[in-house]
>>> print(open('entry.pdb').read())   # PDB, C-alpha atoms and all ligand atoms
ATOM      1  CA  MET R   1     120.834   3.185 122.048  1.00  0.00           C
ATOM      2  CA  ALA R   2     120.136   6.892 122.373  1.00  0.00           C
ATOM      3  CA  ARG R   3     116.982   8.134 120.689  1.00  0.00           C
ATOM      4  CA  PRO R   4     117.570  10.505 117.762  1.00  0.00           C
ATOM      5  CA  ILE R   5     116.660  14.064 118.728  1.00  0.00           C
ATOM      6  CA  ASN R   6     114.155  15.969 116.620  1.00  0.00           C
ATOM      7  CA  PRO R   7     115.466  19.302 115.373  1.00  0.00           C
ATOM      8  CA  ARG R   8     114.470  22.259 117.563  1.00  0.00           C
ATOM      9  CA  ARG R   9     112.550  25.079 115.936  1.00  0.00           C
ATOM     10  CA  VAL R  10     114.445  28.354 115.893  1.00  0.00           C
ATOM     11  CA  PHE R  11     112.781  31.473 114.558  1.00  0.00           C
ATOM     12  CA  SER R  12     115.715  32.909 112.628  1.00  0.00           C
ATOM     13  CA  ARG R  13     119.481  32.844 112.442  1.00  0.00           C
ATOM     14  CA  PRO R  14     121.270  34.812 115.166  1.00  0.00           C
ATOM     15  CA  LYS R  15     122.251  38.272 113.894  1.00  0.00           C
ATOM     16  CA  VAL R  16     125.918  37.684 114.711  1.00  0.00           C
ATOM     17  CA  LYS R  17     128.228  34.695 114.860  1.00  0.00           C
ATOM     18  CA  GLY R  18     129.606  35.595 118.279  1.00  0.00           C
ATOM     19  CA  PHE R  19     131.025  38.105 120.760  1.00  0.00           C
ATOM     20  CA  ILE R  20     134.581  39.094 121.560  1.00  0.00           C
ATOM     21  CA  PRO R  21     135.635  40.313 125.034  1.00  0.00           C
ATOM     22  CA  MET R  22     137.509  43.600 125.451  1.00  0.00           C
ATOM     23  CA  GLY R  23     140.043  44.847 127.968  1.00  0.00           C
ATOM     24  CA  PHE R  24     143.102  43.672 129.869  1.00  0.00           C
ATOM     25  CA  TYR R  25     141.672  40.429 131.204  1.00  0.00           C
ATOM     26  CA  SER R  26     139.923  39.470 128.040  1.00  0.00           C
ATOM     27  CA  SER R  27     141.129  36.345 126.446  1.00  0.00           C
ATOM     28  CA  ASP R  28     140.111  35.671 122.918  1.00  0.00           C
ATOM     29  CA  LEU R  29     141.834  32.309 123.067  1.00  0.00           C
ATOM     30  CA  ASP R  30     139.234  30.818 125.357  1.00  0.00           C
ATOM     31  CA  THR R  31     135.968  30.202 123.629  1.00  0.00           C
ATOM     32  CA  ILE R  32     132.513  29.315 124.833  1.00  0.00           C
ATOM     33  CA  TYR R  33     130.409  27.591 122.223  1.00  0.00           C
ATOM     34  CA  LEU R  34     126.748  28.478 122.503  1.00  0.00           C
ATOM     35  CA  THR R  35     124.526  26.292 120.356  1.00  0.00           C
ATOM     36  CA  VAL R  36     121.798  27.901 118.275  1.00  0.00           C
ATOM     37  CA  GLU R  37     119.065  26.282 120.394  1.00  0.00           C
ATOM     38  CA  GLU R  38     120.728  27.671 123.541  1.00  0.00           C
ATOM     39  CA  TYR R  39     120.778  31.109 121.938  1.00  0.00           C
ATOM     40  CA  GLU R  40     117.099  30.719 120.991  1.00  0.00           C
ATOM     41  CA  SER R  41     116.101  29.742 124.545  1.00  0.00           C
ATOM     42  CA  ILE R  42     117.686  32.965 125.849  1.00  0.00           C
ATOM     43  CA  ARG R  43     116.065  34.999 123.090  1.00  0.00           C
ATOM     44  CA  LEU R  44     112.584  33.639 123.757  1.00  0.00           C
ATOM     45  CA  LYS R  45     112.712  33.800 127.555  1.00  0.00           C
ATOM     46  CA  ASP R  46     114.853  36.851 128.290  1.00  0.00           C
ATOM     47  CA  TYR R  47     114.303  38.967 125.191  1.00  0.00           C
ATOM     48  CA  MET R  48     110.786  38.102 124.047  1.00  0.00           C
ATOM     49  CA  PHE R  49     109.709  37.564 127.686  1.00  0.00           C
ATOM     50  CA  LEU R  50     107.822  34.407 126.843  1.00  0.00           C
ATOM     51  CA  SER R  51     106.876  31.980 129.590  1.00  0.00           C
ATOM     52  CA  GLN R  52     108.521  28.593 129.984  1.00  0.00           C
ATOM     53  CA  LEU R  53     105.517  26.962 128.335  1.00  0.00           C
ATOM     54  CA  GLU R  54     105.338  29.433 125.434  1.00  0.00           C
ATOM     55  CA  SER R  55     109.078  29.138 124.817  1.00  0.00           C
ATOM     56  CA  SER R  56     108.948  25.357 124.761  1.00  0.00           C
ATOM     57  CA  GLU R  57     106.000  25.438 122.356  1.00  0.00           C
ATOM     58  CA  HIS R  58     107.862  27.836 120.075  1.00  0.00           C
ATOM     59  CA  MET R  59     110.830  25.477 119.936  1.00  0.00           C
ATOM     60  CA  GLY R  60     108.733  22.329 119.687  1.00  0.00           C
ATOM     61  CA  ILE R  61     110.226  20.765 122.817  1.00  0.00           C
ATOM     62  CA  SER R  62     109.025  19.779 126.291  1.00  0.00           C
ATOM     63  CA  ARG R  63     109.255  22.182 129.203  1.00  0.00           C
ATOM     64  CA  PRO R  64     111.937  20.147 131.036  1.00  0.00           C
ATOM     65  CA  THR R  65     114.048  20.071 127.855  1.00  0.00           C
ATOM     66  CA  LEU R  66     113.642  23.821 127.450  1.00  0.00           C
ATOM     67  CA  THR R  67     114.706  24.337 131.074  1.00  0.00           C
ATOM     68  CA  ARG R  68     117.764  22.168 130.562  1.00  0.00           C
ATOM     69  CA  ILE R  69     118.813  24.036 127.389  1.00  0.00           C
ATOM     70  CA  TYR R  70     118.127  27.435 128.975  1.00  0.00           C
ATOM     71  CA  ASP R  71     120.084  26.652 132.159  1.00  0.00           C
ATOM     72  CA  LYS R  72     123.025  25.476 130.111  1.00  0.00           C
ATOM     73  CA  ALA R  73     122.902  28.642 127.993  1.00  0.00           C
ATOM     74  CA  ARG R  74     122.867  30.915 131.056  1.00  0.00           C
ATOM     75  CA  LYS R  75     125.783  29.084 132.648  1.00  0.00           C
ATOM     76  CA  LYS R  76     127.813  29.402 129.459  1.00  0.00           C
ATOM     77  CA  ILE R  77     127.058  33.118 129.090  1.00  0.00           C
ATOM     78  CA  ALA R  78     127.881  33.750 132.750  1.00  0.00           C
ATOM     79  CA  GLU R  79     131.186  31.957 132.349  1.00  0.00           C
ATOM     80  CA  ALA R  80     132.052  34.021 129.277  1.00  0.00           C
ATOM     81  CA  LEU R  81     131.125  37.305 131.010  1.00  0.00           C
ATOM     82  CA  CYS R  82     132.972  36.560 134.234  1.00  0.00           C
ATOM     83  CA  GLU R  83     136.021  34.912 132.768  1.00  0.00           C
ATOM     84  CA  GLY R  84     136.374  37.148 129.717  1.00  0.00           C
ATOM     85  CA  LYS R  85     135.903  34.437 127.127  1.00  0.00           C
ATOM     86  CA  GLN R  86     134.642  34.902 123.628  1.00  0.00           C
ATOM     87  CA  ILE R  87     131.297  33.399 122.652  1.00  0.00           C
ATOM     88  CA  LEU R  88     130.739  31.653 119.360  1.00  0.00           C
ATOM     89  CA  ILE R  89     127.182  30.769 118.397  1.00  0.00           C
ATOM     90  CA  GLN R  90     127.260  27.671 116.314  1.00  0.00           C
ATOM     91  CA  GLY R  91     126.077  24.118 115.982  1.00  0.00           C
ATOM     92  CA  GLY R  92     122.983  22.533 117.386  1.00  0.00           C
ATOM     93  CA  ASN R  93     120.160  20.572 115.934  1.00  0.00           C
ATOM     94  CA  VAL R  94     117.763  23.181 114.575  1.00  0.00           C
ATOM     95  CA  ILE R  95     115.477  24.143 111.754  1.00  0.00           C
ATOM     96  CA  TYR R  96     114.871  27.814 111.048  1.00  0.00           C
ATOM     97  CA  LEU R  97     111.303  29.046 110.846  1.00  0.00           C
ATOM     98  CA  GLU R  98     112.350  32.315 109.297  1.00  0.00           C
ATOM     99  CA  GLU R  99     115.043  33.177 106.806  1.00  0.00           C
ATOM    100  CA  TRP R 100     115.992  36.554 105.357  1.00  0.00           C
ATOM    101  CA  TYR R 101     116.497  37.255 101.687  1.00  0.00           C
ATOM    102  CA  LEU R 102     117.842  40.110  99.585  1.00  0.00           C
ATOM    103  CA  CYS R 103     116.386  41.107  96.246  1.00  0.00           C
ATOM    104  CA  SER R 104     119.234  42.369  94.087  1.00  0.00           C
ATOM    105  CA  SER R 105     116.765  44.021  91.737  1.00  0.00           C
ATOM    106  CA  CYS R 106     114.981  46.454  94.123  1.00  0.00           C
ATOM    107  CA  GLY R 107     117.439  46.129  97.032  1.00  0.00           C
ATOM    108  CA  SER R 108     114.790  45.251  99.582  1.00  0.00           C
ATOM    109  CA  LYS R 109     115.252  42.611 102.255  1.00  0.00           C
ATOM    110  CA  PHE R 110     112.416  40.359 103.282  1.00  0.00           C
ATOM    111  CA  ASN R 111     111.762  37.430 105.544  1.00  0.00           C
ATOM    112  CA  SER R 112     110.014  34.243 104.793  1.00  0.00           C
ATOM    113  CA  MET R 113     108.294  32.243 107.495  1.00  0.00           C
ATOM    114  CA  ASN R 114     107.491  28.556 107.758  1.00  0.00           C
ATOM    115  CA  ASN R 115     108.811  28.120 104.271  1.00  0.00           C
ATOM    116  CA  LYS R 116     109.620  24.621 103.187  1.00  0.00           C
ATOM    117  CA  GLU R 117     111.386  25.998 100.150  1.00  0.00           C
ATOM    118  CA  ASN R 118     113.199  29.207  99.298  1.00  0.00           C
ATOM    119  CA  PRO R 119     111.056  32.011  97.896  1.00  0.00           C
ATOM    120  CA  THR R 120     111.563  32.320  94.171  1.00  0.00           C
ATOM    121  CA  LYS R 121     110.543  35.942  93.815  1.00  0.00           C
ATOM    122  CA  CYS R 122     110.673  39.203  95.686  1.00  0.00           C
ATOM    123  CA  PRO R 123     107.373  39.958  97.491  1.00  0.00           C
ATOM    124  CA  LEU R 124     107.757  43.626  96.558  1.00  0.00           C
ATOM    125  CA  CYS R 125     108.932  43.863  92.955  1.00  0.00           C
ATOM    126  CA  GLY R 126     108.382  40.259  91.906  1.00  0.00           C
ATOM    127  CA  ASP R 127     111.914  39.831  90.516  1.00  0.00           C
ATOM    128  CA  THR R 128     113.505  36.411  90.771  1.00  0.00           C
ATOM    129  CA  LYS R 129     116.986  37.682  91.666  1.00  0.00           C
ATOM    130  CA  VAL R 130     116.679  36.805  95.356  1.00  0.00           C
ATOM    131  CA  GLU R 131     119.349  35.273  97.571  1.00  0.00           C
ATOM    132  CA  GLN R 132     119.368  34.120 101.158  1.00  0.00           C
ATOM    133  CA  ILE R 133     121.213  36.325 103.648  1.00  0.00           C
ATOM    134  CA  ASP R 134     123.526  34.426 105.982  1.00  0.00           C
ATOM    135  CA  SER R 135     124.497  35.935 109.288  1.00  0.00           C
TER     136      SER R 135
ATOM    137  CA  MET K   1      98.461  31.253  97.875  1.00  0.00           C
ATOM    138  CA  ASN K   2      94.844  31.462  99.054  1.00  0.00           C
ATOM    139  CA  GLU K   3      95.310  34.145 101.649  1.00  0.00           C
ATOM    140  CA  ASP K   4      95.032  37.780 100.581  1.00  0.00           C
ATOM    141  CA  ARG K   5      98.305  39.636 100.702  1.00  0.00           C
ATOM    142  CA  ILE K   6      97.665  42.904 102.479  1.00  0.00           C
ATOM    143  CA  PHE K   7     100.477  45.436 102.753  1.00  0.00           C
ATOM    144  CA  ALA K   8     100.820  48.172 105.377  1.00  0.00           C
ATOM    145  CA  ILE K   9     103.067  50.962 104.088  1.00  0.00           C
ATOM    146  CA  PRO K  10     103.927  53.924 106.354  1.00  0.00           C
ATOM    147  CA  LEU K  11     103.080  57.192 104.640  1.00  0.00           C
ATOM    148  CA  MET K  12     103.666  60.855 105.524  1.00  0.00           C
ATOM    149  CA  GLY K  13     100.124  61.927 104.542  1.00  0.00           C
ATOM    150  CA  GLN K  14      96.715  60.748 103.535  1.00  0.00           C
ATOM    151  CA  SER K  15      97.227  60.502  99.768  1.00  0.00           C
ATOM    152  CA  LEU K  16      99.401  58.522  97.365  1.00  0.00           C
ATOM    153  CA  ASP K  17     101.432  61.658  96.554  1.00  0.00           C
ATOM    154  CA  PHE K  18     103.071  61.615  99.966  1.00  0.00           C
ATOM    155  CA  LYS K  19     106.409  59.966 100.556  1.00  0.00           C
ATOM    156  CA  ILE K  20     106.944  56.865 102.599  1.00  0.00           C
ATOM    157  CA  SER K  21     107.655  57.590 106.234  1.00  0.00           C
ATOM    158  CA  ARG K  22     111.093  56.383 107.317  1.00  0.00           C
ATOM    159  CA  LEU K  23     109.864  55.178 110.708  1.00  0.00           C
ATOM    160  CA  PHE K  24     107.236  52.488 110.727  1.00  0.00           C
ATOM    161  CA  ALA K  25     105.721  52.906 114.194  1.00  0.00           C
ATOM    162  CA  ARG K  26     105.871  56.717 114.149  1.00  0.00           C
ATOM    163  CA  SER K  27     104.359  57.141 110.717  1.00  0.00           C
ATOM    164  CA  PRO K  28     101.407  59.573 110.604  1.00  0.00           C
ATOM    165  CA  PHE K  29      99.453  57.386 108.139  1.00  0.00           C
ATOM    166  CA  TYR K  30      99.472  53.905 106.652  1.00  0.00           C
ATOM    167  CA  LEU K  31      98.565  52.922 103.155  1.00  0.00           C
ATOM    168  CA  ILE K  32      96.831  49.553 103.200  1.00  0.00           C
ATOM    169  CA  PHE K  33      96.923  47.697  99.902  1.00  0.00           C
ATOM    170  CA  ASN K  34      95.326  44.374  99.032  1.00  0.00           C
ATOM    171  CA  THR K  35      97.139  42.713  96.098  1.00  0.00           C
ATOM    172  CA  ARG K  36      94.130  40.545  95.173  1.00  0.00           C
ATOM    173  CA  ASN K  37      91.480  43.208  94.596  1.00  0.00           C
ATOM    174  CA  HIS K  38      93.818  46.258  94.533  1.00  0.00           C
ATOM    175  CA  ASN K  39      91.770  47.893  97.302  1.00  0.00           C
ATOM    176  CA  ILE K  40      93.423  50.920  98.862  1.00  0.00           C
ATOM    177  CA  GLN K  41      92.749  52.340 102.293  1.00  0.00           C
ATOM    178  CA  PHE K  42      94.419  55.024 104.403  1.00  0.00           C
ATOM    179  CA  ILE K  43      94.670  54.589 108.144  1.00  0.00           C
ATOM    180  CA  LYS K  44      95.630  57.422 110.489  1.00  0.00           C
ATOM    181  CA  ASN K  45      98.094  56.460 113.202  1.00  0.00           C
ATOM    182  CA  GLU K  46      96.188  57.262 116.390  1.00  0.00           C
ATOM    183  CA  PHE K  47      99.026  55.904 118.535  1.00  0.00           C
ATOM    184  CA  ILE K  48     101.803  58.151 117.223  1.00  0.00           C
ATOM    185  CA  ASP K  49     102.094  60.136 120.463  1.00  0.00           C
ATOM    186  CA  ASP K  50     102.439  57.051 122.620  1.00  0.00           C
ATOM    187  CA  LYS K  51     106.180  57.296 123.249  1.00  0.00           C
ATOM    188  CA  ILE K  52     106.637  53.824 124.701  1.00  0.00           C
ATOM    189  CA  GLN K  53     104.007  51.543 123.232  1.00  0.00           C
ATOM    190  CA  SER K  54     103.457  52.974 119.744  1.00  0.00           C
ATOM    191  CA  GLY K  55     105.252  50.120 117.969  1.00  0.00           C
ATOM    192  CA  LYS K  56     103.258  47.459 119.759  1.00  0.00           C
ATOM    193  CA  THR K  57      99.886  49.168 119.561  1.00  0.00           C
ATOM    194  CA  ILE K  58     100.010  50.207 115.929  1.00  0.00           C
ATOM    195  CA  SER K  59     101.295  46.763 114.880  1.00  0.00           C
ATOM    196  CA  LYS K  60      98.480  45.023 116.724  1.00  0.00           C
ATOM    197  CA  PHE K  61      95.976  47.440 115.233  1.00  0.00           C
ATOM    198  CA  LEU K  62      97.221  46.890 111.670  1.00  0.00           C
ATOM    199  CA  ILE K  63      97.118  43.121 112.181  1.00  0.00           C
ATOM    200  CA  SER K  64      93.519  43.460 113.394  1.00  0.00           C
ATOM    201  CA  GLN K  65      92.840  45.091 109.999  1.00  0.00           C
ATOM    202  CA  LYS K  66      94.041  41.822 108.359  1.00  0.00           C
ATOM    203  CA  VAL K  67      97.420  43.246 107.306  1.00  0.00           C
ATOM    204  CA  ASN K  68      99.961  40.456 106.796  1.00  0.00           C
ATOM    205  CA  ILE K  69     102.923  42.338 105.288  1.00  0.00           C
ATOM    206  CA  PHE K  70     104.726  45.300 106.881  1.00  0.00           C
ATOM    207  CA  CYS K  71     106.775  47.179 104.303  1.00  0.00           C
ATOM    208  CA  ALA K  72     109.069  49.939 105.607  1.00  0.00           C
ATOM    209  CA  CYS K  73     112.486  51.576 105.629  1.00  0.00           C
ATOM    210  CA  GLU K  74     113.074  50.843 109.298  1.00  0.00           C
ATOM    211  CA  ILE K  75     111.256  48.535 111.662  1.00  0.00           C
ATOM    212  CA  GLY K  76     111.880  48.665 115.408  1.00  0.00           C
ATOM    213  CA  PHE K  77     112.234  45.731 117.773  1.00  0.00           C
ATOM    214  CA  ASN K  78     108.712  45.993 119.175  1.00  0.00           C
ATOM    215  CA  VAL K  79     107.183  45.882 115.723  1.00  0.00           C
ATOM    216  CA  GLN K  80     109.418  42.941 114.827  1.00  0.00           C
ATOM    217  CA  LYS K  81     108.341  41.059 117.935  1.00  0.00           C
ATOM    218  CA  ILE K  82     104.644  41.514 117.191  1.00  0.00           C
ATOM    219  CA  ALA K  83     105.223  40.591 113.546  1.00  0.00           C
ATOM    220  CA  GLU K  84     107.019  37.404 114.557  1.00  0.00           C
ATOM    221  CA  LYS K  85     104.245  36.353 116.926  1.00  0.00           C
ATOM    222  CA  ASN K  86     101.574  36.967 114.291  1.00  0.00           C
ATOM    223  CA  LYS K  87     103.473  35.599 111.285  1.00  0.00           C
ATOM    224  CA  VAL K  88     103.472  38.939 109.500  1.00  0.00           C
ATOM    225  CA  GLN K  89     106.012  39.183 106.700  1.00  0.00           C
ATOM    226  CA  LEU K  90     108.520  42.048 106.871  1.00  0.00           C
ATOM    227  CA  ILE K  91     109.941  43.858 103.862  1.00  0.00           C
ATOM    228  CA  ILE K  92     112.737  46.341 104.525  1.00  0.00           C
ATOM    229  CA  LEU K  93     113.179  48.735 101.615  1.00  0.00           C
ATOM    230  CA  ALA K  94     116.612  49.553 100.220  1.00  0.00           C
ATOM    231  CA  GLU K  95     118.323  52.256 102.272  1.00  0.00           C
ATOM    232  CA  GLN K  96     118.018  55.141  99.823  1.00  0.00           C
ATOM    233  CA  SER K  97     114.347  54.516  99.010  1.00  0.00           C
ATOM    234  CA  GLU K  98     112.399  57.772  98.762  1.00  0.00           C
ATOM    235  CA  PHE K  99     109.277  56.490  97.058  1.00  0.00           C
ATOM    236  CA  THR K 100     105.919  58.157  97.138  1.00  0.00           C
ATOM    237  CA  GLY K 101     102.973  55.926  97.970  1.00  0.00           C
ATOM    238  CA  GLU K 102     102.057  55.884  94.283  1.00  0.00           C
ATOM    239  CA  GLU K 103     105.540  54.853  93.139  1.00  0.00           C
ATOM    240  CA  LEU K 104     105.763  52.013  95.627  1.00  0.00           C
ATOM    241  CA  LEU K 105     102.272  50.869  94.784  1.00  0.00           C
ATOM    242  CA  ASN K 106     103.178  50.764  91.087  1.00  0.00           C
ATOM    243  CA  ILE K 107     106.149  48.525  91.843  1.00  0.00           C
ATOM    244  CA  ILE K 108     103.917  46.155  93.788  1.00  0.00           C
ATOM    245  CA  LYS K 109     101.090  46.247  91.234  1.00  0.00           C
ATOM    246  CA  ASN K 110     103.272  45.861  88.146  1.00  0.00           C
ATOM    247  CA  LYS K 111     105.086  42.758  89.150  1.00  0.00           C
ATOM    248  CA  ASN K 112     102.880  41.055  91.701  1.00  0.00           C
ATOM    249  CA  ASN K 113     100.379  39.110  89.732  1.00  0.00           C
ATOM    250  CA  ASN K 114      99.605  37.156  92.867  1.00  0.00           C
TER     251      ASN K 114
HETATM  252 ZN    ZN Y   1     112.604  43.192  94.665  1.00  0.00          ZN
END
>>> encode(input="entry.pdb", output="structure tokens")
Amino acid sequence: MARPINPRRVFSRPKVKGFIPMGFYSSDLDTIYLTVEEYESIRLKDYMFLSQLESSEHMGISRPTLTRIYDKARKKIAEALCEGKQILIQGGNVIYLEEWYLCSSCGSKFNSMNNKENPTKCPLCGDTKVEQIDS
Amino acid sequence: MNEDRIFAIPLMGQSLDFKISRLFARSPFYLIFNTRNHNIQFIKNEFIDDKIQSGKTISKFLISQKVNIFCACEIGFNVQKIAEKNKVQLIILAEQSEFTGEELLNIIKNKNNN
């Protein structure tokens, strides 16, 4: 029987849900599904410029697992770019280390890191009218 | 919460009468405020002329001063990256915010009993 996989740590939700190709050869019917952990592996390695080891530590996984996820992510992105497919970022087995919230009282947005539970008040004005922002 | 909450707020000048600077990394001064003892300190941004690295350098410097909350109108990617690595909380003020240092401080003081 396959071992259950621990959730991978992802810093925060991707800013967007996906990407749509443009132009004559673009085909929004074909879709590449990028999982959130695949997105995170690209973000850590190619955007944050972290090493293989640092990236794997950030996600709480082994280096070989990170390499496997990262390779898969790159192949998917390459396929979408070259074949004009849309990318949807969804699914995966992750926990978010950071979430963003909006205070409807003062209008400020704030993040919350390593939080087991949602913040109950705004770190600026202290009001309790705070809601989580979904991407 | 045991840890002190120390805000860095970008300010146009070295007094509470000045307005908040819209750009975090390119702010001429920072108001540093500790919510536990209400200590106030002004820090001059010595890295403002560094066109490429200012975000990184000023963020690292503020963190070395024990700051753990960046509060600003706009925060660039470099500042965000450093904040993420160092577990610094980010607060992005509402778009039309034109507070002076004093006004923002009053908001924080009035409702944050910590
Ligand atoms: Zn608020």
>>> residues_around(input="entry.pdb", residues="Asn118 of chain R", least_positions_apart="5", cutoff="10 Å", atoms="all atoms listed in the file", output="ChimeraX atom specification")
/R:99-101,112,130-132
>>> interface_residues(input="entry.pdb", of="chain R", to="chain K", cutoff="10 Å", atoms="all atoms listed in the file", output="count of residues only")
27
>>> atom_distance(input="entry.pdb", atom1="atom CA of Ala78 of chain R", atom2="atom CA of Val79 of chain K")
29.4 Å
>>> atom_distance(input="entry.pdb", atom1="atom CA of Arg22 of chain K", atom2="atom CA of Lys66 of chain K")
22.4 Å
>>> atom_distance(input="entry.pdb", atom1="atom CA of Met12 of chain K", atom2="atom CA of Ile32 of chain K")
13.4 Å
>>> resolve_selection(input="entry.pdb", expression="the PyMOL selection byres (((chain R and resi 88) around 10) and not hetatm)", output="count of residues only")
17
>>> residues_around(input="entry.pdb", residues="segment 35-46 of chain K", least_positions_apart="6", cutoff="7 Å", atoms="all atoms listed in the file", output="number ranges by chain")
K: 4-6, 14, 27-29, 114
>>> closest_residue(input="entry.pdb", among="R:Ser105, R:Ser41, R:Asn93, R:Ser62", to="Lys129 of chain R", atoms="only C-alpha atoms")
R:Ser105
>>> build_atoms(input="entry.pdb", residues="segment 2-26 of chain K", atoms="N, CA and C atoms", output="short mmCIF file (atom, residue, chain, number, x, y, z; two decimals), in the frame of the given file")
data_model
loop_
_atom_site.label_atom_id
_atom_site.label_comp_id
_atom_site.auth_asym_id
_atom_site.auth_seq_id
_atom_site.Cartn_x
_atom_site.Cartn_y
_atom_site.Cartn_z
N ASN K 2 96.26 31.14 98.93
CA ASN K 2 94.84 31.46 99.05
C ASN K 2 94.61 32.76 99.82
N GLU K 3 95.49 33.00 100.78
CA GLU K 3 95.31 34.15 101.65
C GLU K 3 95.59 35.45 100.91
N ASP K 4 94.77 36.47 101.16
CA ASP K 4 95.03 37.78 100.58
C ASP K 4 96.35 38.31 101.11
N ARG K 5 97.07 39.00 100.25
CA ARG K 5 98.30 39.64 100.70
C ARG K 5 97.99 41.11 100.91
N ILE K 6 98.04 41.53 102.16
CA ILE K 6 97.66 42.90 102.48
C ILE K 6 98.86 43.64 103.08
N PHE K 7 99.31 44.65 102.36
CA PHE K 7 100.48 45.44 102.75
C PHE K 7 100.07 46.58 103.67
N ALA K 8 100.90 46.89 104.65
CA ALA K 8 100.82 48.17 105.38
C ALA K 8 102.10 48.94 105.05
N ILE K 9 101.92 50.13 104.49
CA ILE K 9 103.07 50.96 104.09
C ILE K 9 102.97 52.30 104.82
N PRO K 10 103.99 52.66 105.61
CA PRO K 10 103.93 53.92 106.35
C PRO K 10 104.05 55.12 105.42
N LEU K 11 103.14 56.07 105.57
CA LEU K 11 103.08 57.19 104.64
C LEU K 11 103.00 58.51 105.41
N MET K 12 103.61 59.55 104.84
CA MET K 12 103.67 60.86 105.52
C MET K 12 102.31 61.57 105.53
N GLY K 13 101.42 61.25 104.61
CA GLY K 13 100.12 61.93 104.54
C GLY K 13 99.07 61.02 103.97
N GLN K 14 97.85 61.57 103.91
CA GLN K 14 96.72 60.75 103.54
C GLN K 14 96.43 60.81 102.03
N SER K 15 97.44 60.63 101.21
CA SER K 15 97.23 60.50 99.77
C SER K 15 98.46 59.82 99.18
N LEU K 16 98.30 59.29 97.99
CA LEU K 16 99.40 58.52 97.36
C LEU K 16 100.57 59.41 96.95
N ASP K 17 100.35 60.75 96.94
CA ASP K 17 101.43 61.66 96.55
C ASP K 17 102.47 61.82 97.65
N PHE K 18 102.12 61.45 98.86
CA PHE K 18 103.07 61.62 99.97
C PHE K 18 104.15 60.54 99.93
N LYS K 19 105.30 60.92 100.50
CA LYS K 19 106.41 59.97 100.56
C LYS K 19 106.20 58.96 101.67
N ILE K 20 106.95 57.89 101.55
CA ILE K 20 106.94 56.86 102.60
C ILE K 20 107.61 57.45 103.84
N SER K 21 107.05 57.15 104.98
CA SER K 21 107.66 57.59 106.23
C SER K 21 108.81 56.66 106.57
N ARG K 22 109.91 57.22 107.05
CA ARG K 22 111.09 56.38 107.32
C ARG K 22 110.88 55.49 108.54
N LEU K 23 110.07 55.96 109.49
CA LEU K 23 109.86 55.18 110.71
C LEU K 23 108.50 54.51 110.66
N PHE K 24 108.49 53.22 110.85
CA PHE K 24 107.24 52.49 110.73
C PHE K 24 106.24 52.87 111.82
N ALA K 25 106.66 52.72 113.08
CA ALA K 25 105.72 52.91 114.19
C ALA K 25 105.30 54.37 114.36
N ARG K 26 106.17 55.29 113.96
CA ARG K 26 105.87 56.72 114.15
C ARG K 26 105.37 57.38 112.87
#
